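Student: Just data_10.pdb, nothing more (PDB, C-alpha atoms):
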```
ATOM      1  CA  MET A 313      32.027  48.063  67.806
ATOM      2  CA  ALA A 314      29.881  49.614  65.088
ATOM      3  CA  ASP A 315      26.726  51.448  66.010
ATOM      4  CA  GLN A 316      23.888  48.919  65.492
ATOM      5  CA  SER A 317      21.630  51.473  63.779
ATOM      6  CA  ALA A 318      24.398  52.298  61.290
ATOM      7  CA  VAL A 319      24.852  48.592  60.509
ATOM      8  CA  THR A 320      21.102  48.123  60.071
ATOM      9  CA  GLN A 321      20.902  51.182  57.815
ATOM     10  CA  ALA A 322      23.803  49.907  55.677
ATOM     11  CA  CYS A 323      22.080  46.525  55.277
ATOM     12  CA  THR A 324      18.930  48.191  53.954
ATOM     13  CA  ASP A 325      20.609  50.806  51.756
ATOM     14  CA  PRO A 326      20.014  49.656  48.156
ATOM     15  CA  GLU A 327      23.378  51.032  47.013
ATOM     16  CA  VAL A 328      25.237  49.087  49.706
ATOM     17  CA  VAL A 329      23.222  45.929  49.041
ATOM     18  CA  ALA A 330      23.914  46.141  45.296
ATOM     19  CA  ARG A 331      27.662  45.919  46.017
ATOM     20  CA  LEU A 332      27.461  42.782  48.195
ATOM     21  CA  SER A 333      29.688  40.062  46.760
ATOM     22  CA  ALA A 334      27.130  37.440  47.855
ATOM     23  CA  LEU A 335      24.797  38.830  45.181
ATOM     24  CA  ASP A 336      27.402  38.696  42.416
ATOM     25  CA  PRO A 337      26.986  35.405  40.496
ATOM     26  CA  ALA A 338      30.587  35.642  39.306
ATOM     27  CA  VAL A 339      31.943  35.198  42.844
ATOM     28  CA  GLY A 340      29.122  33.815  45.004
ATOM     29  CA  ASN A 341      27.323  30.505  45.150
ATOM     30  CA  ARG A 342      24.765  30.228  42.416
ATOM     31  CA  SER A 343      22.336  27.860  40.799
ATOM     32  CA  THR A 344      19.340  27.902  38.516
ATOM     33  CA  PRO A 345      15.791  26.687  39.091
ATOM     34  CA  ARG A 346      16.421  23.925  36.545
ATOM     35  CA  GLU A 347      19.540  22.739  38.367
ATOM     36  CA  MET A 348      17.737  22.792  41.702
ATOM     37  CA  THR A 349      14.725  20.807  40.484
ATOM     38  CA  ARG A 350      17.090  18.269  38.928
ATOM     39  CA  LEU A 351      18.883  17.927  42.276
ATOM     40  CA  LEU A 352      15.566  17.536  44.117
ATOM     41  CA  ALA A 353      14.440  14.832  41.677
ATOM     42  CA  MET A 354      17.702  12.994  42.280
ATOM     43  CA  ILE A 355      17.252  13.267  46.062
ATOM     44  CA  TRP A 356      13.686  11.940  45.878
ATOM     45  CA  ARG A 357      14.856   9.011  43.683
ATOM     46  CA  ASP A 358      17.875   8.214  45.933
ATOM     47  CA  GLU A 359      20.265   9.100  43.103
ATOM     48  CA  ALA A 360      22.037  12.119  44.622
ATOM     49  CA  ALA A 361      23.703  10.033  47.336
ATOM     50  CA  GLY A 362      23.083   6.801  49.204
ATOM     51  CA  ALA A 363      19.484   5.941  50.075
ATOM     52  CA  ALA A 364      19.987   6.731  53.782
ATOM     53  CA  SER A 365      21.516  10.130  53.032
ATOM     54  CA  CYS A 366      18.748  11.033  50.582
ATOM     55  CA  ALA A 367      16.126   9.953  53.137
ATOM     56  CA  ALA A 368      17.787  12.192  55.745
ATOM     57  CA  ILE A 369      17.675  15.166  53.364
ATOM     58  CA  ARG A 370      14.000  14.514  52.590
ATOM     59  CA  ARG A 371      13.226  14.304  56.319
ATOM     60  CA  LEU A 372      14.999  17.610  57.016
ATOM     61  CA  MET A 373      13.270  19.340  54.119
ATOM     62  CA  ALA A 374       9.901  18.135  55.434
ATOM     63  CA  LEU A 375      10.728  19.833  58.759
ATOM     64  CA  GLN A 376      11.414  23.206  57.145
ATOM     65  CA  VAL A 377      11.435  26.005  59.703
ATOM     66  CA  TRP A 378       9.894  28.646  57.394
ATOM     67  CA  PRO A 379       7.295  26.804  55.298
ATOM     68  CA  HIS A 380       5.165  29.875  54.566
ATOM     69  CA  ARG A 381       6.504  30.581  51.071
ATOM     70  CA  LEU A 382       6.072  27.431  49.019
ATOM     71  CA  ALA A 383       3.419  25.851  51.237
ATOM     72  CA  SER A 384       1.193  28.927  50.922
ATOM     73  CA  GLY A 385       0.252  27.709  47.455
ATOM     74  CA  PHE A 386      -0.849  24.299  48.746
ATOM     75  CA  PRO A 387      -3.132  24.838  51.770
ATOM     76  CA  PHE A 388      -4.434  21.270  51.858
ATOM     77  CA  ASP A 389      -4.065  18.751  54.672
ATOM     78  CA  ASP A 390      -3.356  15.889  52.272
ATOM     79  CA  VAL A 391      -0.627  17.629  50.220
ATOM     80  CA  ALA A 392       2.891  17.396  51.663
ATOM     81  CA  VAL A 393       5.365  20.189  50.934
ATOM     82  CA  SER A 394       9.070  19.802  51.663
ATOM     83  CA  GLY A 395      11.267  22.770  50.947
ATOM     84  CA  LYS A 396      14.334  24.894  51.426
ATOM     85  CA  THR A 397      14.494  28.669  51.402
ATOM     86  CA  GLY A 398      17.311  30.700  49.978
ATOM     87  CA  THR A 399      17.275  34.285  51.163
ATOM     88  CA  LEU A 400      19.736  37.109  50.679
ATOM     89  CA  PRO A 401      19.021  40.832  50.507
ATOM     90  CA  THR A 402      16.766  41.358  47.460
ATOM     91  CA  LEU A 403      16.633  37.582  46.772
ATOM     92  CA  ARG A 404      13.869  35.234  47.922
ATOM     93  CA  ASN A 405      14.205  31.765  46.488
ATOM     94  CA  GLU A 406      12.395  28.578  47.374
ATOM     95  CA  VAL A 407      12.855  25.028  46.169
ATOM     96  CA  GLY A 408      10.918  21.969  47.195
ATOM     97  CA  VAL A 409       8.891  18.924  46.386
ATOM     98  CA  VAL A 410       5.101  18.861  46.510
ATOM     99  CA  GLU A 411       3.538  15.434  47.031
ATOM    100  CA  TYR A 412      -0.136  14.725  46.352
ATOM    101  CA  PRO A 413      -2.178  11.875  47.855
ATOM    102  CA  ASP A 414      -2.532  10.286  44.393
ATOM    103  CA  GLY A 415       1.237   9.710  44.342
ATOM    104  CA  GLY A 416       2.092  12.703  42.173
ATOM    105  CA  ARG A 417       5.409  14.325  43.157
ATOM    106  CA  TYR A 418       6.622  17.586  41.689
ATOM    107  CA  ALA A 419       9.954  19.313  42.172
ATOM    108  CA  VAL A 420       9.543  23.062  41.992
ATOM    109  CA  ALA A 421      11.840  26.071  42.244
ATOM    110  CA  VAL A 422      10.794  29.716  42.337
ATOM    111  CA  PHE A 423      13.532  32.356  42.308
ATOM    112  CA  THR A 424      12.668  36.015  42.844
ATOM    113  CA  ARG A 425      14.501  39.315  43.083
ATOM    114  CA  SER A 426      13.089  42.532  44.475
ATOM    115  CA  PHE A 427      14.222  46.115  44.565
ATOM    116  CA  GLY A 428      13.321  46.384  48.222
ATOM    117  CA  THR A 429      15.660  45.254  50.964
ATOM    118  CA  ALA A 430      13.025  44.654  53.652
ATOM    119  CA  GLN A 431      13.413  41.335  55.446
ATOM    120  CA  ASN A 432       9.643  40.896  55.785
ATOM    121  CA  GLN A 433       7.916  40.757  52.380
ATOM    122  CA  PRO A 434       4.685  38.779  52.765
ATOM    123  CA  ARG A 435       3.437  39.602  49.246
ATOM    124  CA  ALA A 436       6.646  38.261  47.717
ATOM    125  CA  ASP A 437       6.409  35.134  49.889
ATOM    126  CA  ALA A 438       2.798  34.568  48.806
ATOM    127  CA  ALA A 439       3.775  35.095  45.160
ATOM    128  CA  ILE A 440       6.277  32.236  45.474
ATOM    129  CA  GLY A 441       3.528  29.873  46.627
ATOM    130  CA  ALA A 442       1.155  31.097  43.919
ATOM    131  CA  ALA A 443       3.749  30.654  41.150
ATOM    132  CA  ALA A 444       4.556  27.134  42.348
ATOM    133  CA  ARG A 445       0.871  26.225  42.480
ATOM    134  CA  MET A 446       0.224  27.533  38.946
ATOM    135  CA  ALA A 447       3.184  25.598  37.532
ATOM    136  CA  ILE A 448       2.235  22.343  39.245
ATOM    137  CA  ASP A 449      -1.447  22.746  38.318
ATOM    138  CA  GLN A 450      -0.352  23.046  34.678
ATOM    139  CA  LEU A 451       1.698  19.856  34.966
ATOM    140  CA  ARG A 452      -1.137  17.987  36.668
ATOM    141  CA  THR A 453      -3.692  18.941  34.007
ATOM    142  CA  HIS A 454      -1.417  17.881  31.143
ATOM    143  CA  ILE A 455      -0.376  14.452  32.376
TER     144      ILE A 455
END
```
Will you turn the file into structure tokens for me?
Tutor:
Amino acid sequence: MADQSAVTQACTDPEVVARLSALDPAVGNRSTPREMTRLLAMIWRDEAAGAASCAAIRRLMALQVWPHRLASGFPFDDVAVSGKTGTLPTLRNEVGVVEYPDGGRYAVAVFTRSFGTAQNQPRADAAIGAAARMAIDQLRTHI
């Protein structure tokens, strides 16, 4: 069994992290913010699958375990945020749907990459919420 401190050090070593196949778009799973917001729109319109399946996905996204990223940009009791995180070393991505009491619904995706490998990056998490809020505010003022 490997020494736990050696494993932890390897996971935070930028040179080791840079070689992870999970971070190589040529071999790992990948998507774009545009593709993700299109998928979310299809889920919210019951077009991605049957209505019951789409409703189940929406319910699960509303119960997100780590809502601090996207929801940080929408600290209002009457605004619902449903989301899904995507986190790998150096990557912090968040996709979701923000629903306003006036019926406005907005699919949003914020993808980030950092040089740091720290698991806890509260400034990066807050930046995700801020970027989502700025984008949606722009959409809401130009409708």
Student: Restricting the calculation to only C-alpha atoms: of A:Val407, A:Asp449, A:Pro387, A:His380, which residue gets closest to Gln433 (chain A)?
Tutor: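 Smallest distance to Gln433 (chain A) is found for A:His380.
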Student: Hey, what comes out of the PyMOL selection byres ((chain A and resi 341-354) around 8) on this file? Could you write it as number ranges by chain?
Tutor: A: 334, 337, 339-340, 355-360, 407-409, 419-423
Student: Those same residues - C-alpha atoms - I'd like them written as a PDB file, in the frame of the given file.
Tutor:
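Ended up saving to result05.pdb:
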```
ATOM      1  CA  ALA A 334      27.130  37.440  47.855  1.00  0.00           C
ATOM      2  CA  PRO A 337      26.986  35.405  40.496  1.00  0.00           C
ATOM      3  CA  VAL A 339      31.943  35.198  42.844  1.00  0.00           C
ATOM      4  CA  GLY A 340      29.122  33.815  45.004  1.00  0.00           C
ATOM      5  CA  ILE A 355      17.252  13.267  46.062  1.00  0.00           C
ATOM      6  CA  TRP A 356      13.686  11.940  45.878  1.00  0.00           C
ATOM      7  CA  ARG A 357      14.856   9.011  43.683  1.00  0.00           C
ATOM      8  CA  ASP A 358      17.875   8.214  45.933  1.00  0.00           C
ATOM      9  CA  GLU A 359      20.265   9.100  43.103  1.00  0.00           C
ATOM     10  CA  ALA A 360      22.037  12.119  44.622  1.00  0.00           C
ATOM     11  CA  VAL A 407      12.855  25.028  46.169  1.00  0.00           C
ATOM     12  CA  GLY A 408      10.918  21.969  47.195  1.00  0.00           C
ATOM     13  CA  VAL A 409       8.891  18.924  46.386  1.00  0.00           C
ATOM     14  CA  ALA A 419       9.954  19.313  42.172  1.00  0.00           C
ATOM     15  CA  VAL A 420       9.543  23.062  41.992  1.00  0.00           C
ATOM     16  CA  ALA A 421      11.840  26.071  42.244  1.00  0.00           C
ATOM     17  CA  VAL A 422      10.794  29.716  42.337  1.00  0.00           C
ATOM     18  CA  PHE A 423      13.532  32.356  42.308  1.00  0.00           C
TER      19      PHE A 423
END
```
Student: Please, what distance in Å, to one decimal, runs between CA of Ala438 (chain A) and CA of Asp389 (chain A)?
Tutor: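 CA of Ala438 (chain A) sits 18.2 Å away from CA of Asp389 (chain A).
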Student: Residues at most 10 Å from Pro413 (chain A), counting only C-alpha atoms, excluding those fewer than 4 positions away in the same chain, as a PDB file with C-alpha atoms, in the frame of the given file?
Tutor:
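And here is the file that came out, selection.pdb:
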```pdb
ATOM      1  CA  ASP A 389      -4.065  18.751  54.672  1.00  0.00           C
ATOM      2  CA  ASP A 390      -3.356  15.889  52.272  1.00  0.00           C
ATOM      3  CA  VAL A 391      -0.627  17.629  50.220  1.00  0.00           C
ATOM      4  CA  ALA A 392       2.891  17.396  51.663  1.00  0.00           C
ATOM      5  CA  ARG A 417       5.409  14.325  43.157  1.00  0.00           C
TER       6      ARG A 417
END
```
Student: Find the residues near Pro401 (chain A): any atom within 8 Å, counting only C-alpha atoms, skip ones fewer than 6 places away on the same chain, and give them as a list in words.
Tutor: Val329, Thr429, Ala430 and Gln431 of chain A
Student: For region 396-400 of chain A, find every residue with an atom within 9 Å (counting all atoms listed in the file), except residues of its own chain fewer than 3 positions away, and show them as a PyMOL selection string.
Tutor: chain A and resi 334-335+373+376-379+381-382+403-408+423+431
Student: Smallest atom-to-atom distance to Ala442 (chain A): which of A:Gly395, A:Gly428, A:Gly416, A:Gly385, using only C-alpha atoms?
Tutor: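 Among the listed residues, the smallest separation from Ala442 (chain A) belongs to A:Gly385.
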Student: Please, what is the axis-aligned box for every listed atom of region 334-346 of chain A with 5 Å on each side, as centre and edge lengths in Å to one decimal, as JSON?
Tutor:
```
{"center_x": 23.9, "center_y": 31.4, "center_z": 42.2, "size_x": 26.2, "size_y": 24.9, "size_z": 21.3}
```
Student: For CA of Arg371 (chain A) and CA of Ser384 (chain A), quote the distance in Å rounded to one decimal.
Tutor: 19.7 Å
Student: Could you jot down the CA of Thr402 (chain A) to CA of Phe427 (chain A) separation for me, Å, one decimal place?
Tutor: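 Computing the Euclidean distance for CA of Thr402 (chain A) and CA of Phe427 (chain A) yields 6.1 Å.
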Student: With distances taken over all atoms listed in the file, which residue among A:Glu411, A:Ala368, A:Asp336, A:Phe388 lies nearest Ile448 (chain A)?
Tutor: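 That would be A:Glu411, the residue with the smallest distance to Ile448 (chain A).
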Student: Nearest to Ala383 (chain A) among A:Arg425, A:Ala439, A:Gly415, A:Ala338, with distances taken over all atoms listed in the file: which residue is it?
Tutor: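 Among A:Arg425, A:Ala439, A:Gly415, A:Ala338, it is A:Ala439 that comes nearest to Ala383 (chain A).
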